[in-house]
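Heads up, query11.txt below (compact mmCIF, C-alpha atoms):
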```txt
# COMPACT_ATOMS: atom_id res chain seq x y z
CA MET A 25 -16.09 -60.24 41.37
CA ALA A 26 -17.73 -58.84 38.33
CA ARG A 27 -15.60 -56.29 36.54
CA ARG A 28 -17.15 -52.93 36.58
CA LYS A 29 -17.44 -51.06 33.32
CA ALA A 30 -15.28 -47.96 33.15
CA PRO A 31 -17.59 -44.96 33.39
CA GLU A 32 -17.85 -42.94 30.22
CA VAL A 33 -16.23 -39.51 30.29
CA ASN A 34 -18.77 -36.81 29.84
CA ALA A 35 -17.92 -34.92 26.68
CA GLY A 36 -20.58 -32.32 27.12
CA SER A 37 -18.15 -29.61 28.11
CA MET A 38 -15.90 -30.23 25.15
CA ALA A 39 -17.85 -27.71 23.13
CA ASP A 40 -17.32 -25.10 25.83
CA ILE A 41 -13.59 -25.62 25.83
CA ALA A 42 -13.43 -25.46 22.08
CA PHE A 43 -15.51 -22.30 22.06
CA LEU A 44 -13.19 -20.70 24.56
CA LEU A 45 -10.18 -21.39 22.35
CA LEU A 46 -12.09 -20.30 19.28
CA ILE A 47 -12.99 -16.98 20.82
CA PHE A 48 -9.39 -16.43 21.88
CA PHE A 49 -8.13 -16.91 18.35
CA LEU A 50 -10.96 -14.87 16.89
CA VAL A 51 -9.98 -11.95 19.04
CA THR A 52 -6.25 -12.17 18.43
CA THR A 53 -6.50 -12.71 14.69
CA THR A 54 -5.61 -9.81 12.46
CA ILE A 55 -5.86 -10.86 8.87
CA GLU A 56 -4.12 -7.77 7.71
CA THR A 57 -2.84 -6.99 4.31
CA ASP A 58 -0.99 -3.76 4.12
CA SER A 59 -1.72 -1.39 1.35
CA GLY A 60 -0.05 1.75 0.21
CA LEU A 61 1.36 3.76 -2.63
CA ASN A 62 3.89 1.90 -4.71
CA ARG A 63 6.80 3.90 -5.98
CA LYS A 64 10.05 3.21 -7.70
CA LEU A 65 13.18 5.10 -6.78
CA PRO A 66 15.53 6.23 -9.53
CA PRO A 67 18.79 4.30 -9.69
CA MET A 68 21.91 5.95 -8.32
CA GLU A 69 23.74 6.37 -11.62
CA ASP A 70 24.86 9.84 -12.50
CA VAL A 71 23.08 11.00 -15.57
CA VAL A 72 25.79 12.35 -17.87
CA ASP A 73 23.69 14.83 -19.74
CA PRO A 74 20.20 15.24 -18.42
CA PRO A 75 17.58 15.42 -21.14
CA ILE A 76 16.37 18.90 -21.90
CA ILE A 77 12.69 19.25 -21.12
CA LYS A 78 10.74 22.25 -22.24
CA GLU A 79 9.38 24.40 -19.49
CA ARG A 80 5.80 23.95 -20.65
CA ASN A 81 6.10 20.20 -20.32
CA ILE A 82 6.97 20.34 -16.64
CA PHE A 83 4.34 20.62 -13.95
CA THR A 84 6.16 21.78 -10.86
CA VAL A 85 4.75 21.05 -7.46
CA VAL A 86 6.62 22.47 -4.50
CA VAL A 87 5.66 21.83 -0.90
CA ASN A 88 7.27 24.16 1.60
CA LYS A 89 8.06 23.65 5.26
CA TYR A 90 4.70 25.09 6.29
CA ASN A 91 3.01 22.38 4.19
CA GLN A 92 1.84 24.89 1.62
CA LEU A 93 1.66 24.10 -2.06
CA LEU A 94 3.14 26.04 -4.93
CA VAL A 95 1.99 24.67 -8.26
CA GLU A 96 3.34 26.19 -11.47
CA GLU A 97 4.62 29.19 -9.49
CA LYS A 98 1.18 29.85 -8.01
CA PRO A 99 -0.11 28.91 -4.57
CA LEU A 100 -2.81 26.24 -4.71
CA GLU A 101 -4.99 24.36 -2.30
CA LEU A 102 -4.56 20.62 -2.15
CA VAL A 103 -8.23 20.10 -3.07
CA ASN A 104 -7.58 21.54 -6.52
CA LEU A 105 -4.35 19.69 -7.20
CA ARG A 106 -5.93 16.64 -8.81
CA GLU A 107 -7.95 18.75 -11.20
CA GLU A 108 -4.94 20.89 -12.17
CA ALA A 109 -2.76 17.85 -12.73
CA VAL A 110 -5.41 16.23 -14.93
CA LYS A 111 -5.71 19.44 -16.92
CA PHE A 112 -1.96 19.57 -17.42
CA LEU A 113 -1.56 15.93 -18.44
CA ASP A 114 -4.59 15.92 -20.68
CA ASN A 115 -3.77 19.21 -22.39
CA GLY A 116 -2.30 17.85 -25.61
CA GLY A 117 -1.10 21.17 -27.01
CA GLY A 118 1.43 19.58 -29.35
CA LYS A 119 1.25 20.04 -33.09
CA GLY A 120 2.14 17.71 -35.96
CA GLU A 121 4.22 14.80 -34.74
CA GLU A 122 3.65 15.65 -31.12
CA ALA A 123 -0.10 15.94 -31.37
CA CYS A 124 -2.10 13.85 -28.95
CA ALA A 125 -5.12 12.11 -30.42
CA HIS A 126 -6.65 10.85 -27.19
CA CYS A 127 -6.34 14.05 -25.15
CA LEU A 128 -9.50 15.96 -24.38
CA GLY A 129 -7.87 18.99 -22.79
CA ASP A 130 -7.77 22.64 -23.71
CA ARG A 131 -4.88 22.30 -26.22
CA ASP A 132 -3.25 25.29 -24.58
CA PRO A 133 0.08 25.95 -26.35
CA ASP A 134 1.65 27.00 -23.03
CA SER A 135 0.90 23.69 -21.32
CA SER A 136 2.08 20.14 -22.02
CA ASP A 137 2.50 18.88 -25.60
CA ASN A 138 1.32 15.35 -24.95
CA PRO A 139 1.12 12.94 -21.98
CA ASP A 140 4.28 11.20 -23.13
CA LYS A 141 6.25 14.42 -22.78
CA ALA A 142 4.53 15.71 -19.68
CA VAL A 143 6.53 15.40 -16.48
CA ILE A 144 5.33 16.15 -12.99
CA SER A 145 8.14 17.38 -10.81
CA LEU A 146 7.65 17.18 -7.08
CA LYS A 147 9.92 18.99 -4.68
CA ASN A 148 9.52 19.17 -0.96
CA ASP A 149 11.31 20.70 1.94
CA ARG A 150 13.11 18.68 4.60
CA GLU A 151 10.64 20.07 7.11
CA THR A 152 7.54 19.05 5.18
CA ASP A 153 5.26 16.67 7.06
CA TYR A 154 5.16 13.13 5.74
CA LYS A 155 1.38 13.04 5.79
CA VAL A 156 1.15 16.08 3.54
CA TYR A 157 3.69 14.55 1.20
CA ILE A 158 1.56 11.40 1.05
CA ALA A 159 -1.55 13.46 0.37
CA VAL A 160 0.21 15.20 -2.53
CA GLN A 161 1.50 11.91 -3.90
CA ASN A 162 -1.97 10.46 -3.56
CA GLU A 163 -3.51 13.29 -5.55
CA LEU A 164 -0.92 13.03 -8.31
CA VAL A 165 -1.43 9.28 -8.60
CA ALA A 166 -5.17 9.95 -8.60
CA ALA A 167 -4.77 12.33 -11.54
CA TYR A 168 -3.04 9.61 -13.55
CA ASN A 169 -5.68 7.12 -12.50
CA VAL A 170 -8.52 9.40 -13.58
CA LEU A 171 -7.07 9.62 -17.08
CA ARG A 172 -6.12 5.98 -17.27
CA ASN A 173 -9.61 4.97 -16.18
CA ARG A 174 -11.08 7.11 -18.90
CA GLU A 175 -8.87 5.62 -21.59
CA PHE A 176 -9.34 2.08 -20.33
CA LYS A 177 -13.09 2.47 -20.50
CA ARG A 178 -12.90 3.99 -23.95
CA LEU A 179 -10.75 1.18 -25.32
CA ASN A 180 -12.55 -1.66 -23.55
CA PRO A 181 -16.16 -0.60 -23.26
CA ASN A 182 -17.43 -4.16 -22.96
CA LEU A 183 -15.25 -5.17 -20.03
CA GLY A 184 -17.22 -3.22 -17.44
CA LEU A 185 -14.03 -2.43 -15.53
CA ASP A 186 -11.90 0.63 -15.15
CA PHE A 187 -8.13 0.73 -15.05
CA VAL A 188 -7.80 0.61 -11.29
CA GLN A 189 -10.13 -2.37 -10.96
CA ALA A 190 -8.43 -4.21 -13.80
CA ASN A 191 -5.04 -3.53 -12.30
CA LYS A 192 -6.23 -4.85 -8.97
CA ILE A 193 -7.43 -8.05 -10.57
CA TYR A 194 -4.16 -8.34 -12.43
CA ASN A 195 -2.13 -7.99 -9.24
CA ASP A 196 -4.25 -10.38 -7.23
CA PRO A 197 -2.31 -13.63 -6.75
CA ARG A 198 -5.54 -15.61 -6.98
CA THR A 199 -6.23 -14.52 -10.54
CA SER A 200 -5.68 -17.27 -13.08
CA ILE A 201 -2.81 -17.02 -15.52
CA THR A 202 -5.09 -16.93 -18.55
CA GLU A 203 -6.95 -13.97 -17.09
CA LYS A 204 -3.68 -12.23 -16.40
CA GLU A 205 -2.47 -12.84 -19.94
CA ARG A 206 -5.69 -11.34 -21.20
CA LEU A 207 -5.46 -8.21 -19.06
CA LYS A 208 -1.76 -7.53 -19.46
CA PRO A 209 -1.83 -6.05 -22.98
CA LEU A 210 -4.94 -4.02 -22.18
CA LEU A 211 -3.27 -2.48 -19.14
CA GLY A 212 -0.02 -1.96 -21.00
CA GLU A 213 -1.75 -0.10 -23.75
CA VAL A 214 -3.34 2.38 -21.37
CA LYS A 215 -0.10 2.80 -19.44
CA LEU A 216 1.55 3.74 -22.69
CA LEU A 217 -1.07 6.39 -23.40
CA PHE A 218 -0.56 8.00 -20.01
CA PRO A 219 2.86 6.99 -18.73
CA GLN A 220 3.47 7.92 -15.12
CA LYS A 221 6.31 10.41 -15.20
CA LEU A 222 6.70 11.68 -11.71
CA SER A 223 10.10 12.96 -10.82
CA GLU A 224 11.19 13.91 -7.36
CA ALA A 225 13.87 16.42 -6.68
CA GLU A 226 16.08 16.17 -3.63
CA PRO A 227 14.50 18.08 -0.79
CA SER A 228 15.71 21.57 -0.19
CA LYS A 229 17.26 22.57 3.09
CA THR A 230 15.40 25.04 5.19
CA ASN A 231 17.17 28.33 5.41
CA MET B 25 -49.04 -55.26 16.03
CA SER B 26 -47.30 -54.14 19.13
CA LYS B 27 -44.26 -53.76 16.97
CA PHE B 28 -45.41 -50.42 15.68
CA LYS B 29 -46.78 -48.99 18.84
CA LYS B 30 -43.52 -47.67 20.17
CA LYS B 31 -43.02 -45.14 17.44
CA LYS B 32 -46.16 -43.30 18.16
CA GLY B 33 -44.84 -42.13 21.53
CA GLY B 34 -45.28 -38.32 21.38
CA ASP B 35 -42.07 -36.26 22.18
CA LEU B 36 -39.67 -35.10 19.52
CA PRO B 37 -36.21 -36.45 20.16
CA ALA B 38 -33.70 -33.80 21.28
CA ILE B 39 -31.34 -32.67 18.55
CA SER B 40 -27.99 -34.27 19.08
CA THR B 41 -25.26 -31.78 19.88
CA ALA B 42 -22.57 -34.40 19.72
CA SER B 43 -21.13 -32.97 16.50
CA LEU B 44 -21.00 -29.44 17.86
CA PRO B 45 -17.45 -29.82 19.17
CA ASP B 46 -16.36 -31.03 15.75
CA ILE B 47 -17.78 -27.97 14.07
CA VAL B 48 -16.24 -25.67 16.61
CA PHE B 49 -12.88 -27.41 16.32
CA MET B 50 -13.02 -26.97 12.60
CA LEU B 51 -13.49 -23.23 13.05
CA LEU B 52 -10.80 -23.20 15.68
CA PHE B 53 -8.26 -24.80 13.38
CA PHE B 54 -9.13 -22.35 10.64
CA PHE B 55 -8.43 -19.39 12.85
CA MET B 56 -5.31 -20.96 14.31
CA VAL B 57 -3.91 -21.39 10.84
CA ALA B 58 -5.01 -17.98 9.60
CA THR B 59 -3.70 -16.08 12.60
CA VAL B 60 -0.59 -14.07 12.07
CA MET B 61 0.97 -12.92 15.25
CA ARG B 62 2.68 -9.56 15.05
CA ASP B 63 6.34 -10.16 14.52
CA ASN B 64 7.66 -6.73 15.32
CA THR B 65 7.02 -4.86 18.49
CA LEU B 66 6.71 -1.23 17.67
CA LEU B 67 9.06 1.10 19.46
CA VAL B 68 7.86 4.15 17.58
CA SER B 69 4.45 5.72 17.37
CA ASN B 70 2.98 4.74 14.06
CA THR B 71 -0.11 6.55 12.91
CA LEU B 72 -0.02 5.99 9.20
CA PRO B 73 -1.26 8.73 6.89
CA ALA B 74 -4.35 8.11 4.80
CA ALA B 75 -4.51 7.67 1.04
CA ASP B 76 -7.10 6.24 -1.31
CA GLN B 77 -5.16 5.43 -4.47
CA VAL B 78 -3.55 2.45 -2.83
CA GLN B 79 -2.39 -0.89 -4.07
CA LYS B 80 -2.33 -4.00 -1.96
CA LEU B 81 0.90 -5.35 -0.66
CA ASP B 82 0.45 -9.08 -0.99
CA LYS B 83 2.93 -11.85 -0.43
CA LYS B 84 4.57 -11.12 2.88
CA ASP B 85 7.65 -13.13 2.01
CA ARG B 86 8.86 -10.52 -0.43
CA VAL B 87 8.44 -7.49 1.77
CA MET B 88 10.73 -5.94 4.33
CA TYR B 89 9.60 -3.30 6.73
CA ILE B 90 11.20 -0.09 7.85
CA TYR B 91 9.44 1.81 10.60
CA ALA B 92 9.99 5.43 11.50
CA GLY B 93 8.43 7.95 13.80
CA LYS B 94 8.73 9.47 17.21
CA PRO B 95 9.68 6.97 19.94
CA SER B 96 6.61 5.82 21.85
CA ALA B 97 5.88 7.34 25.23
CA ARG B 98 7.77 4.84 27.33
CA TYR B 99 10.99 5.16 25.33
CA GLN B 100 10.92 8.91 25.18
CA ASP B 101 13.03 9.62 28.25
CA LYS B 102 15.72 7.35 26.89
CA PHE B 103 15.62 8.16 23.19
CA GLY B 104 14.08 11.63 23.10
CA THR B 105 11.25 12.88 20.99
CA GLN B 106 13.07 13.26 17.70
CA ALA B 107 11.81 10.90 14.99
CA ARG B 108 13.84 7.69 14.80
CA ILE B 109 14.10 4.71 12.51
CA GLN B 110 13.22 1.26 13.75
CA LEU B 111 14.66 -1.83 12.12
CA ASN B 112 13.83 -5.26 13.53
CA ASP B 113 12.90 -4.34 17.10
CA LYS B 114 15.79 -1.92 17.49
CA PHE B 115 16.26 1.78 17.05
CA ALA B 116 18.67 2.52 14.25
CA THR B 117 20.31 5.42 12.50
CA VAL B 118 20.20 6.27 8.84
CA GLN B 119 23.58 4.66 8.31
CA ASP B 120 22.19 1.27 9.40
CA VAL B 121 19.53 1.18 6.71
CA ALA B 122 21.81 0.01 3.92
CA ALA B 123 23.20 -2.84 6.00
CA PHE B 124 19.71 -3.83 7.07
CA VAL B 125 18.44 -3.93 3.50
CA LEU B 126 21.36 -6.08 2.40
CA ALA B 127 20.93 -8.43 5.35
CA GLU B 128 17.21 -8.82 4.65
CA LYS B 129 17.94 -9.43 1.02
CA ALA B 130 20.45 -12.13 1.83
CA SER B 131 18.00 -13.88 4.13
CA LYS B 132 15.39 -14.31 1.40
CA ARG B 133 15.26 -17.07 -1.15
CA GLN B 134 17.39 -16.61 -4.23
CA GLU B 135 14.50 -16.13 -6.65
CA LEU B 136 12.89 -13.48 -4.48
CA GLN B 137 15.99 -11.37 -3.99
CA ASN B 138 15.35 -9.20 -7.00
CA VAL B 139 11.65 -8.62 -6.47
CA LEU B 140 11.76 -7.41 -2.89
CA THR B 141 9.68 -4.42 -1.90
CA THR B 142 10.49 -2.20 1.04
CA ALA B 143 7.45 -1.06 2.96
CA LEU B 144 7.99 2.26 4.67
CA LYS B 145 5.71 2.45 7.66
CA VAL B 146 6.23 5.99 8.70
CA ASP B 147 4.30 8.05 11.19
CA GLY B 148 2.36 10.90 9.59
CA ASP B 149 4.02 13.59 11.66
CA THR B 150 7.56 12.70 10.65
CA LYS B 151 9.46 15.30 8.68
CA MET B 152 10.40 14.51 5.09
CA GLY B 153 14.10 15.00 5.76
CA LEU B 154 14.39 11.66 7.51
CA ILE B 155 12.46 9.88 4.79
CA SER B 156 14.61 11.40 2.06
CA ASP B 157 17.68 10.17 3.93
CA ILE B 158 16.23 6.66 4.07
CA LYS B 159 15.43 6.81 0.38
CA GLN B 160 18.98 7.91 -0.44
CA GLU B 161 20.39 5.00 1.55
CA MET B 162 18.11 2.60 -0.28
CA ARG B 163 19.16 3.93 -3.63
CA LYS B 164 22.77 3.27 -2.65
CA VAL B 165 22.06 -0.43 -2.17
CA ASN B 166 19.77 -0.58 -5.19
CA ALA B 167 16.59 -1.40 -3.29
CA LEU B 168 14.37 0.65 -5.54
CA LYS B 169 10.91 -0.75 -5.09
CA ILE B 170 9.23 0.96 -2.21
CA ASN B 171 5.74 1.18 -0.83
CA TYR B 172 4.57 4.00 1.38
CA THR B 173 2.24 2.03 3.60
CA THR B 174 -0.90 3.96 4.38
CA ARG B 175 -4.31 3.60 5.88
CA VAL B 176 -7.14 3.56 3.43
CA GLY B 177 -9.01 6.82 3.74
CA ASP B 178 -9.51 10.22 2.25
CA TYR B 179 -6.40 12.38 1.91
CA SER B 180 -8.09 15.30 3.68
CA GLN B 181 -7.62 13.43 6.96
CA ASN B 182 -3.92 14.21 6.64
CA LEU B 183 -4.33 17.93 6.68
CA ASN B 184 -5.10 18.70 10.27
```

Rendering of file as structure tokens:
Amino acid sequence: MARRKAPEVNAGSMADIAFLLLIFFLVTTTIETDSGLNRKLPPMEDVVDPPIIKERNIFTVVVNKYNQLLVEEKPLELVNLREEAVKFLDNGGGKGEEACAHCLGDRDPDSSDNPDKAVISLKNDRETDYKVYIAVQNELVAAYNVLRNREFKRLNPNLGLDFVQANKIYNDPRTSITEKERLKPLLGEVKLLFPQKLSEAEPSKTN
Amino acid sequence: MSKFKKKKGGDLPAISTASLPDIVFMLLFFFMVATVMRDNTLLVSNTLPAADQVQKLDKKDRVMYIYAGKPSARYQDKFGTQARIQLNDKFATVQDVAAFVLAEKASKRQELQNVLTTALKVDGDTKMGLISDIKQEMRKVNALKINYTTRVGDYSQNLN
């Protein structure tokens, strides 16, 4: 008896099966990278004698339990917060040693001396909504970013980047080390011109 | 001469689809490798607030997550509607946060232990009191780097 050849398996439906699996994984995949506002909490040590800061160098932002804003003792809408914060940080009212060469503000003697001295103080109520708190934080960070972008562009006009973009490249794990080494001093310089001094008070209890 | 005659026979040959499965398998393997299945089931509602001055949170191995918000609908008759903290698939109280942070820290590799970031995934409608309490607990165990995880969007979405 002649041996029969084993019939070949039809592989035509292989593609269908593979497609089915492919579509399953396509649908279930979430290539998510979280993003958010980075913050650093102050360490728990008790400060023995807190530094004395002049009233004009503090920009107070208070959010009450009805999610309303009180900025520098005056009620303010959230839309205007960024602008006000920029104005405060960029004021540069200091004289002599405390003068600020890179500030373009009004040089109002009743506002901050220079960005190095200027502190933004944020206080919220325990009943404040988290989303409003985030919006306020976002606007304050934005104010710093506006100024840092401006300085970064002024100092590195040929780079074609602003501070936020450069910082993003710097933090990207795919960026080469040489590129990082190149960007680091540039970023550091701008950070020094406008250091982020955002202090948070402990929330007040609602009466 | 008859040698060449065969080739002149009219029809175009059908394009071979034999390599199609290979291509599809290649894609399949890519997605299988790139897929990250959710590792935490959410017990709390978690509508993150929007912000646009955000920084990316890369490198999952150096991040730990703390969730907070109102319990989701099906846990509400058991846990109420007050905002709760969720750590690793379980509801927790503020006092558990410190222990959780230390445990997470200990489970990471030695060289990562000092660069850990805590991502706070908090529902937008939570009150700040709870978040301040979490922050106090984290200060106690010296976990100072935090990230308020947000959606990317304009801040005005938060105001209604």

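Nearest-residue note for B:Ala92: choosing from B:Ala130, B:Ala167, B:Ile155, B:Ala123, the minimum distance belongs to B:Ile155, counting all atoms listed in the file.
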
Could I get the residues of chain A with an atom no further than 8 Å from an atom of chain B, each paired with its nearest atom pair and that distance in Å to one decimal, using only C-alpha atoms, sorted by chain and residue number, as a Markdown table?
```
| residue | atom | partner | partner_atom | distance |
| --- | --- | --- | --- | --- |
| A:Gly36 | CA | B:Ala42 | CA | 7.9 |
| A:Met38 | CA | B:Pro45 | CA | 6.2 |
| A:Ala39 | CA | B:Pro45 | CA | 4.5 |
| A:Ala42 | CA | B:Phe49 | CA | 6.1 |
| A:Phe43 | CA | B:Val48 | CA | 6.4 |
| A:Leu45 | CA | B:Leu52 | CA | 6.9 |
| A:Leu46 | CA | B:Leu52 | CA | 4.8 |
| A:Phe49 | CA | B:Phe55 | CA | 6.0 |
| A:Leu50 | CA | B:Phe55 | CA | 6.6 |
| A:Thr52 | CA | B:Thr59 | CA | 7.5 |
| A:Thr53 | CA | B:Thr59 | CA | 4.9 |
| A:Thr54 | CA | B:Thr59 | CA | 6.6 |
| A:Ile55 | CA | B:Thr59 | CA | 6.8 |
| A:Thr57 | CA | B:Leu81 | CA | 6.4 |
| A:Asp58 | CA | B:Leu81 | CA | 5.4 |
| A:Ser59 | CA | B:Lys80 | CA | 4.3 |
| A:Gly60 | CA | B:Thr173 | CA | 4.1 |
| A:Leu61 | CA | B:Val78 | CA | 5.1 |
| A:Asn62 | CA | B:Asn171 | CA | 4.4 |
| A:Arg63 | CA | B:Ile170 | CA | 5.4 |
| A:Lys64 | CA | B:Lys169 | CA | 4.8 |
| A:Leu65 | CA | B:Leu168 | CA | 4.8 |
| A:Pro66 | CA | B:Leu168 | CA | 7.0 |
| A:Pro67 | CA | B:Arg163 | CA | 6.1 |
| A:Met68 | CA | B:Arg163 | CA | 5.8 |
| A:Asn148 | CA | B:Met152 | CA | 7.7 |
| A:Asp149 | CA | B:Met152 | CA | 7.0 |
| A:Arg150 | CA | B:Gly153 | CA | 4.0 |
| A:Glu151 | CA | B:Lys151 | CA | 5.2 |
| A:Thr152 | CA | B:Met152 | CA | 5.4 |
| A:Asp153 | CA | B:Lys151 | CA | 4.7 |
| A:Tyr154 | CA | B:Gly148 | CA | 5.3 |
| A:Lys155 | CA | B:Gly148 | CA | 4.5 |
| A:Val156 | CA | B:Asn182 | CA | 6.2 |
| A:Tyr157 | CA | B:Met152 | CA | 7.8 |
| A:Ile158 | CA | B:Pro73 | CA | 7.0 |
| A:Ala159 | CA | B:Tyr179 | CA | 5.2 |
| A:Asn162 | CA | B:Ala75 | CA | 5.9 |
| A:Val165 | CA | B:Gln77 | CA | 6.8 |
| A:Ala166 | CA | B:Gln77 | CA | 6.1 |
| A:Lys192 | CA | B:Gln79 | CA | 7.4 |
| A:Asp196 | CA | B:Asp82 | CA | 7.9 |
| A:Pro197 | CA | B:Asp82 | CA | 7.8 |
| A:Glu226 | CA | B:Ser156 | CA | 7.6 |
| A:Pro227 | CA | B:Gly153 | CA | 7.2 |
```

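Interatomic distance, atom CA of B:Leu111 against atom CA of B:Val68: 10.6 Å.
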
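Our summary of the geometry notes that atom CA of B:Asn70 is positioned 11.3 Å from atom CA of B:Arg108.
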
* **For A:Lys177: contacts at 10 Å, only C-alpha atoms, fewer than 5 positions along chain excluded, given as a list in words** => Leu171, Arg172, Asn182, Leu183, Gly184, Leu185, Asp186, Phe187 and Val214 of chain A

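Taking atom CA of B:Ile109 as the reference point, atom CA of B:Phe124 is found at 11.6 Å.
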
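Nearest-residue note for A:Glu224: choosing from A:Leu100, A:Ala125, A:Ile47, A:Val86, the minimum distance belongs to A:Val86, counting only C-alpha atoms.
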
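Nearest to A:Val160 of all the residues A:Arg178, A:Arg131, A:Arg106, A:Lys208 is A:Arg106, counting only C-alpha atoms.
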
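Distance annotation: of B:Ile39, B:Arg98, B:Met88, B:Val118, the residue with the minimal separation from B:Val139 is B:Met88; atom set is all atoms listed in the file.
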
Could you give me stretch 144-163 of chain A completed to N, CA and C atoms, formatted as a PDB file, keeping the file's coordinate frame?
```pdb
ATOM      1  N   ILE A 144       5.698  15.466 -14.227  1.00  0.00           N
ATOM      2  CA  ILE A 144       5.330  16.150 -12.990  1.00  0.00           C
ATOM      3  C   ILE A 144       6.551  16.146 -12.088  1.00  0.00           C
ATOM      4  N   SER A 145       6.957  17.295 -11.663  1.00  0.00           N
ATOM      5  CA  SER A 145       8.140  17.380 -10.810  1.00  0.00           C
ATOM      6  C   SER A 145       7.705  17.778  -9.410  1.00  0.00           C
ATOM      7  N   LEU A 146       8.067  16.948  -8.463  1.00  0.00           N
ATOM      8  CA  LEU A 146       7.650  17.180  -7.080  1.00  0.00           C
ATOM      9  C   LEU A 146       8.873  17.503  -6.236  1.00  0.00           C
ATOM     10  N   LYS A 147       8.802  18.596  -5.525  1.00  0.00           N
ATOM     11  CA  LYS A 147       9.920  18.990  -4.680  1.00  0.00           C
ATOM     12  C   LYS A 147       9.369  19.343  -3.308  1.00  0.00           C
ATOM     13  N   ASN A 148       9.993  18.829  -2.295  1.00  0.00           N
ATOM     14  CA  ASN A 148       9.520  19.170  -0.960  1.00  0.00           C
ATOM     15  C   ASN A 148      10.673  19.605  -0.081  1.00  0.00           C
ATOM     16  N   ASP A 149      10.310  20.216   1.001  1.00  0.00           N
ATOM     17  CA  ASP A 149      11.310  20.700   1.940  1.00  0.00           C
ATOM     18  C   ASP A 149      11.624  19.585   2.940  1.00  0.00           C
ATOM     19  N   ARG A 150      12.772  19.687   3.579  1.00  0.00           N
ATOM     20  CA  ARG A 150      13.110  18.680   4.600  1.00  0.00           C
ATOM     21  C   ARG A 150      12.180  18.759   5.800  1.00  0.00           C
ATOM     22  N   GLU A 151      11.525  19.891   5.960  1.00  0.00           N
ATOM     23  CA  GLU A 151      10.640  20.070   7.110  1.00  0.00           C
ATOM     24  C   GLU A 151       9.179  19.766   6.788  1.00  0.00           C
ATOM     25  N   THR A 152       8.919  19.385   5.554  1.00  0.00           N
ATOM     26  CA  THR A 152       7.540  19.050   5.180  1.00  0.00           C
ATOM     27  C   THR A 152       7.074  17.827   5.975  1.00  0.00           C
ATOM     28  N   ASP A 153       5.805  17.834   6.361  1.00  0.00           N
ATOM     29  CA  ASP A 153       5.260  16.670   7.060  1.00  0.00           C
ATOM     30  C   ASP A 153       5.047  15.524   6.085  1.00  0.00           C
ATOM     31  N   TYR A 154       5.325  14.329   6.568  1.00  0.00           N
ATOM     32  CA  TYR A 154       5.160  13.130   5.740  1.00  0.00           C
ATOM     33  C   TYR A 154       3.729  12.965   5.282  1.00  0.00           C
ATOM     34  N   LYS A 155       2.774  13.291   6.163  1.00  0.00           N
ATOM     35  CA  LYS A 155       1.380  13.040   5.790  1.00  0.00           C
ATOM     36  C   LYS A 155       0.927  13.960   4.671  1.00  0.00           C
ATOM     37  N   VAL A 156       1.502  15.176   4.633  1.00  0.00           N
ATOM     38  CA  VAL A 156       1.150  16.080   3.540  1.00  0.00           C
ATOM     39  C   VAL A 156       1.778  15.584   2.244  1.00  0.00           C
ATOM     40  N   TYR A 157       3.007  15.125   2.359  1.00  0.00           N
ATOM     41  CA  TYR A 157       3.690  14.550   1.200  1.00  0.00           C
ATOM     42  C   TYR A 157       2.884  13.388   0.621  1.00  0.00           C
ATOM     43  N   ILE A 158       2.370  12.541   1.499  1.00  0.00           N
ATOM     44  CA  ILE A 158       1.560  11.400   1.050  1.00  0.00           C
ATOM     45  C   ILE A 158       0.281  11.893   0.384  1.00  0.00           C
ATOM     46  N   ALA A 159      -0.322  12.932   0.964  1.00  0.00           N
ATOM     47  CA  ALA A 159      -1.550  13.460   0.370  1.00  0.00           C
ATOM     48  C   ALA A 159      -1.278  13.982  -1.036  1.00  0.00           C
ATOM     49  N   VAL A 160      -0.131  14.674  -1.209  1.00  0.00           N
ATOM     50  CA  VAL A 160       0.210  15.200  -2.530  1.00  0.00           C
ATOM     51  C   VAL A 160       0.459  14.051  -3.503  1.00  0.00           C
ATOM     52  N   GLN A 161       1.244  13.077  -3.068  1.00  0.00           N
ATOM     53  CA  GLN A 161       1.500  11.910  -3.900  1.00  0.00           C
ATOM     54  C   GLN A 161       0.204  11.232  -4.307  1.00  0.00           C
ATOM     55  N   ASN A 162      -0.686  11.108  -3.332  1.00  0.00           N
ATOM     56  CA  ASN A 162      -1.970  10.460  -3.560  1.00  0.00           C
ATOM     57  C   ASN A 162      -2.754  11.191  -4.644  1.00  0.00           C
ATOM     58  N   GLU A 163      -2.764  12.509  -4.567  1.00  0.00           N
ATOM     59  CA  GLU A 163      -3.510  13.290  -5.550  1.00  0.00           C
ATOM     60  C   GLU A 163      -2.899  13.177  -6.939  1.00  0.00           C
TER      61      GLU A 163
END
```
